[in-house]
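The file query29.pdb contains PDB, C-alpha atoms:
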```
MODEL        1
ATOM      1  CA  MET A 164     161.553  97.650  62.747  1.00  0.00           C
ATOM      2  CA  ARG A 165     162.521  95.084  60.168  1.00  0.00           C
ATOM      3  CA  SER A 166     166.129  93.962  60.490  1.00  0.00           C
ATOM      4  CA  THR A 167     169.063  95.191  62.545  1.00  0.00           C
ATOM      5  CA  TYR A 168     172.658  94.114  61.886  1.00  0.00           C
ATOM      6  CA  ILE A 169     176.042  95.324  63.092  1.00  0.00           C
ATOM      7  CA  GLY A 170     178.938  94.753  60.722  1.00  0.00           C
ATOM      8  CA  PRO A 171     182.250  93.158  61.708  1.00  0.00           C
ATOM      9  CA  GLY A 172     184.978  95.077  63.525  1.00  0.00           C
ATOM     10  CA  SER A 173     188.624  94.191  64.110  1.00  0.00           C
ATOM     11  CA  ALA A 174     188.710  92.438  67.514  1.00  0.00           C
ATOM     12  CA  THR A 175     189.086  88.696  68.049  1.00  0.00           C
ATOM     13  CA  ARG A 176     186.802  86.872  70.479  1.00  0.00           C
ATOM     14  CA  GLU A 177     189.702  86.659  72.953  1.00  0.00           C
ATOM     15  CA  GLU A 178     190.241  90.430  72.705  1.00  0.00           C
ATOM     16  CA  ILE A 179     186.547  91.024  73.403  1.00  0.00           C
ATOM     17  CA  PHE A 180     186.802  89.213  76.779  1.00  0.00           C
ATOM     18  CA  LYS A 181     190.312  90.385  77.685  1.00  0.00           C
ATOM     19  CA  GLY A 182     190.456  92.870  80.554  1.00  0.00           C
ATOM     20  CA  ILE A 183     186.894  92.316  81.803  1.00  0.00           C
ATOM     21  CA  LYS A 184     187.213  91.801  85.560  1.00  0.00           C
ATOM     22  CA  ARG A 185     183.506  91.114  86.080  1.00  0.00           C
ATOM     23  CA  GLY A 186     180.721  91.285  83.521  1.00  0.00           C
ATOM     24  CA  LEU A 187     178.124  89.346  81.588  1.00  0.00           C
ATOM     25  CA  TYR A 188     178.371  87.507  78.286  1.00  0.00           C
ATOM     26  CA  CYS A 189     174.876  87.620  76.751  1.00  0.00           C
ATOM     27  CA  VAL A 190     174.083  85.432  73.754  1.00  0.00           C
ATOM     28  CA  GLU A 191     171.062  85.799  71.468  1.00  0.00           C
ATOM     29  CA  SER A 192     167.893  87.712  72.219  1.00  0.00           C
ATOM     30  CA  GLN A 193     164.674  86.334  73.558  1.00  0.00           C
ATOM     31  CA  GLY A 194     161.967  88.884  73.049  1.00  0.00           C
ATOM     32  CA  GLY A 195     162.185  92.599  73.509  1.00  0.00           C
ATOM     33  CA  GLN A 196     160.666  95.938  72.758  1.00  0.00           C
ATOM     34  CA  THR A 197     161.468  99.531  71.974  1.00  0.00           C
ATOM     35  CA  ASN A 198     159.794 102.770  72.937  1.00  0.00           C
ATOM     36  CA  MET A 199     161.241 105.677  71.006  1.00  0.00           C
ATOM     37  CA  GLU A 200     165.016 105.495  71.716  1.00  0.00           C
ATOM     38  CA  MET A 201     164.696 103.171  74.739  1.00  0.00           C
ATOM     39  CA  PHE A 202     165.017  99.380  74.475  1.00  0.00           C
ATOM     40  CA  THR A 203     164.500  96.318  76.660  1.00  0.00           C
ATOM     41  CA  PHE A 204     165.246  92.714  75.740  1.00  0.00           C
ATOM     42  CA  SER A 205     166.003  89.441  77.445  1.00  0.00           C
ATOM     43  CA  ALA A 206     169.194  87.508  76.765  1.00  0.00           C
ATOM     44  CA  GLY A 207     168.603  83.985  75.453  1.00  0.00           C
ATOM     45  CA  VAL A 208     171.595  82.751  77.479  1.00  0.00           C
ATOM     46  CA  ALA A 209     174.021  84.647  79.734  1.00  0.00           C
ATOM     47  CA  TYR A 210     177.274  83.732  81.467  1.00  0.00           C
ATOM     48  CA  LEU A 211     179.193  85.492  84.217  1.00  0.00           C
ATOM     49  CA  ILE A 212     182.592  86.783  83.056  1.00  0.00           C
ATOM     50  CA  GLU A 213     185.347  86.877  85.667  1.00  0.00           C
ATOM     51  CA  ASP A 214     188.924  87.871  84.868  1.00  0.00           C
ATOM     52  CA  GLY A 215     188.281  87.704  81.123  1.00  0.00           C
ATOM     53  CA  GLU A 216     186.778  84.191  81.140  1.00  0.00           C
ATOM     54  CA  PRO A 217     183.106  83.302  80.643  1.00  0.00           C
ATOM     55  CA  GLY A 218     181.951  80.761  83.193  1.00  0.00           C
ATOM     56  CA  GLU A 219     178.865  80.248  85.335  1.00  0.00           C
ATOM     57  CA  LEU A 220     175.434  80.358  83.675  1.00  0.00           C
ATOM     58  CA  VAL A 221     173.268  83.293  84.813  1.00  0.00           C
ATOM     59  CA  ARG A 222     169.485  83.105  84.554  1.00  0.00           C
ATOM     60  CA  ASP A 223     166.804  85.650  83.639  1.00  0.00           C
ATOM     61  CA  VAL A 224     168.980  88.496  82.339  1.00  0.00           C
ATOM     62  CA  THR A 225     167.259  91.572  80.909  1.00  0.00           C
ATOM     63  CA  LEU A 226     169.146  94.431  79.280  1.00  0.00           C
ATOM     64  CA  THR A 227     167.674  97.911  78.988  1.00  0.00           C
ATOM     65  CA  GLY A 228     168.784 101.403  78.071  1.00  0.00           C
ATOM     66  CA  ASN A 229     168.976 104.160  75.520  1.00  0.00           C
ATOM     67  CA  THR A 230     169.818 102.783  72.077  1.00  0.00           C
ATOM     68  CA  PHE A 231     171.993 105.734  71.053  1.00  0.00           C
ATOM     69  CA  LYS A 232     173.991 105.805  74.313  1.00  0.00           C
ATOM     70  CA  THR A 233     174.476 102.029  74.147  1.00  0.00           C
ATOM     71  CA  LEU A 234     175.800 102.247  70.577  1.00  0.00           C
ATOM     72  CA  LYS A 235     178.263 104.963  71.705  1.00  0.00           C
ATOM     73  CA  ASP A 236     179.391 102.701  74.584  1.00  0.00           C
ATOM     74  CA  ILE A 237     180.562  99.895  72.271  1.00  0.00           C
ATOM     75  CA  GLU A 238     184.275  99.402  73.032  1.00  0.00           C
ATOM     76  CA  ALA A 239     185.093  96.488  70.716  1.00  0.00           C
ATOM     77  CA  ILE A 240     183.460  94.623  67.826  1.00  0.00           C
ATOM     78  CA  GLU A 241     184.433  91.082  66.827  1.00  0.00           C
ATOM     79  CA  ASP A 242     185.850  90.528  63.341  1.00  0.00           C
ATOM     80  CA  VAL A 243     183.087  88.044  62.356  1.00  0.00           C
ATOM     81  CA  THR A 244     179.337  88.686  61.911  1.00  0.00           C
ATOM     82  CA  THR A 245     176.873  85.821  62.141  1.00  0.00           C
ATOM     83  CA  PRO A 246     173.190  86.445  61.403  1.00  0.00           C
ATOM     84  CA  SER A 247     170.878  85.002  64.016  1.00  0.00           C
ATOM     85  CA  GLU A 248     168.917  81.943  62.972  1.00  0.00           C
ATOM     86  CA  ALA A 249     166.270  82.672  65.607  1.00  0.00           C
ATOM     87  CA  GLY A 250     164.470  85.491  63.822  1.00  0.00           C
ATOM     88  CA  GLY A 251     161.216  86.735  65.254  1.00  0.00           C
ATOM     89  CA  GLY A 252     158.349  89.047  64.622  1.00  0.00           C
ATOM     90  CA  CYS A 253     157.306  92.605  65.344  1.00  0.00           C
ATOM     91  CA  GLY A 254     153.792  93.373  66.506  1.00  0.00           C
ATOM     92  CA  LYS A 255     154.134  97.084  67.230  1.00  0.00           C
ATOM     93  CA  GLY A 256     151.384  99.258  65.818  1.00  0.00           C
ATOM     94  CA  GLY A 257     149.310  96.302  64.621  1.00  0.00           C
ATOM     95  CA  GLN A 258     152.045  95.067  62.253  1.00  0.00           C
ATOM     96  CA  ALA A 259     151.993  91.470  63.532  1.00  0.00           C
ATOM     97  CA  PRO A 260     153.329  89.164  62.328  1.00  0.00           C
ATOM     98  CA  LEU A 261     155.978  91.311  60.596  1.00  0.00           C
ATOM     99  CA  PRO A 262     159.109  89.098  60.271  1.00  0.00           C
ATOM    100  CA  VAL A 263     162.222  90.530  61.930  1.00  0.00           C
ATOM    101  CA  GLY A 264     165.828  89.387  61.630  1.00  0.00           C
ATOM    102  CA  PHE A 265     168.929  90.400  63.533  1.00  0.00           C
ATOM    103  CA  GLY A 266     172.568  89.564  63.887  1.00  0.00           C
ATOM    104  CA  ALA A 267     175.852  90.930  65.146  1.00  0.00           C
ATOM    105  CA  PRO A 268     179.390  90.025  65.936  1.00  0.00           C
ATOM    106  CA  HIS A 269     180.242  89.762  69.607  1.00  0.00           C
ATOM    107  CA  LEU A 270     180.373  93.245  71.151  1.00  0.00           C
ATOM    108  CA  ARG A 271     181.946  94.616  74.293  1.00  0.00           C
ATOM    109  CA  ILE A 272     179.774  97.393  75.681  1.00  0.00           C
ATOM    110  CA  ARG A 273     181.041  99.557  78.515  1.00  0.00           C
ATOM    111  CA  GLU A 274     177.720 100.073  80.313  1.00  0.00           C
ATOM    112  CA  VAL A 275     174.295  98.487  79.954  1.00  0.00           C
ATOM    113  CA  ARG A 276     171.629  98.448  82.629  1.00  0.00           C
ATOM    114  CA  ILE A 277     170.966  94.840  83.601  1.00  0.00           C
ATOM    115  CA  GLY A 278     168.058  93.444  85.585  1.00  0.00           C
ATOM    116  CA  GLY A 279     166.187  90.192  86.049  1.00  0.00           C
ATOM    117  CA  ASP A 280     164.642  87.891  88.589  1.00  0.00           C
TER     118      ASP A 280
ENDMDL
END
```
Would you mind writing the structure in this file as structure tokens?
Amino acid sequence: MRSTYIGPGSATREEIFKGIKRGLYCVESQGGQTNMEMFTFSAGVAYLIEDGEPGELVRDVTLTGNTFKTLKDIEAIEDVTTPSEAGGGCGKGGQAPLPVGFGAPHLRIREVRIGGD
């Protein structure tokens, strides 16, 4: 793993949130891992979405699932891509500290398994 980016789509930020009765708005990534096609990572910050509006802060959110299924479940992609300034490193297979970058526009994903404390 070196760098993962998703290019811009055609939806505005407002269109991304529109129609979501109840969901989560997860921003940034705070550590994670992959095992074959499965992934797990923690959201840096997450907010509860109710009736299309992000609101209350939610703590300790972890997302997990099958990478390929999750990519197929993307419903909308924002029209702007911003690379993350956070960066990170990969240590899998003794590669540490291999620098890793990532970035993406805001995405609306139909289903992602969510857990946390």
Contact residues around stretch 177-189 of chain A with all atoms listed in the file at 9 Å, ignoring same-chain residues under 2 positions, as a VMD selection string: chain A and resid 174 to 175 191 to 192 206 to 217 221 224 238 to 241 269 to 271
My list of candidates is A:Ile169, A:Gly194, A:Gly278, A:Leu234. Which is closest to A:Val263 when distances are computed with only C-alpha atoms? A:Gly194
Select, from A:Val190, A:Met199, A:Leu220, A:Ile237, the residue with the minimum atom-to-atom distance to A:Glu274, counting only C-alpha atoms. A:Ile237
Between A:Arg276, A:Lys235, A:Gly266, A:Leu226, single out the one closest to A:Thr197, counting only C-alpha atoms. A:Leu226
Export stretch 220-235 of chain A, N, CA and C atoms, as a compact mmCIF listing (two decimals), in the first residue's frame; it's the structure right above.
```txt
# COMPACT_ATOMS: atom_id res chain seq x y z
N LEU A 220 -21.59 15.21 17.58
CA LEU A 220 -20.33 14.50 17.49
C LEU A 220 -20.50 13.09 18.04
N VAL A 221 -19.95 12.10 17.35
CA VAL A 221 -20.01 10.70 17.76
C VAL A 221 -18.57 10.26 18.00
N ARG A 222 -18.34 9.54 19.09
CA ARG A 222 -16.98 9.15 19.44
C ARG A 222 -16.68 7.70 19.09
N ASP A 223 -15.40 7.42 18.87
CA ASP A 223 -14.88 6.06 18.70
C ASP A 223 -15.60 5.27 17.61
N VAL A 224 -15.58 5.79 16.39
CA VAL A 224 -16.23 5.13 15.26
C VAL A 224 -15.20 4.34 14.46
N THR A 225 -15.48 3.07 14.24
CA THR A 225 -14.63 2.20 13.43
C THR A 225 -15.46 1.67 12.27
N LEU A 226 -14.90 1.74 11.08
CA LEU A 226 -15.56 1.23 9.88
C LEU A 226 -14.82 -0.02 9.43
N THR A 227 -15.57 -1.02 8.97
CA THR A 227 -14.95 -2.26 8.53
C THR A 227 -15.77 -2.87 7.40
N GLY A 228 -15.13 -3.68 6.58
CA GLY A 228 -15.87 -4.34 5.52
C GLY A 228 -14.97 -4.86 4.41
N ASN A 229 -15.60 -5.28 3.35
CA ASN A 229 -14.93 -5.76 2.16
C ASN A 229 -14.69 -4.56 1.24
N THR A 230 -13.46 -4.33 0.88
CA THR A 230 -13.10 -3.17 0.05
C THR A 230 -13.89 -3.14 -1.25
N PHE A 231 -13.99 -4.25 -1.94
CA PHE A 231 -14.65 -4.28 -3.25
C PHE A 231 -16.15 -4.04 -3.13
N LYS A 232 -16.79 -4.62 -2.12
CA LYS A 232 -18.23 -4.38 -1.91
C LYS A 232 -18.46 -2.92 -1.54
N THR A 233 -17.60 -2.37 -0.68
CA THR A 233 -17.75 -0.98 -0.26
C THR A 233 -17.62 -0.04 -1.45
N LEU A 234 -16.66 -0.28 -2.33
CA LEU A 234 -16.51 0.55 -3.52
C LEU A 234 -17.76 0.47 -4.41
N LYS A 235 -18.36 -0.71 -4.52
CA LYS A 235 -19.60 -0.87 -5.31
C LYS A 235 -20.78 -0.16 -4.66
```
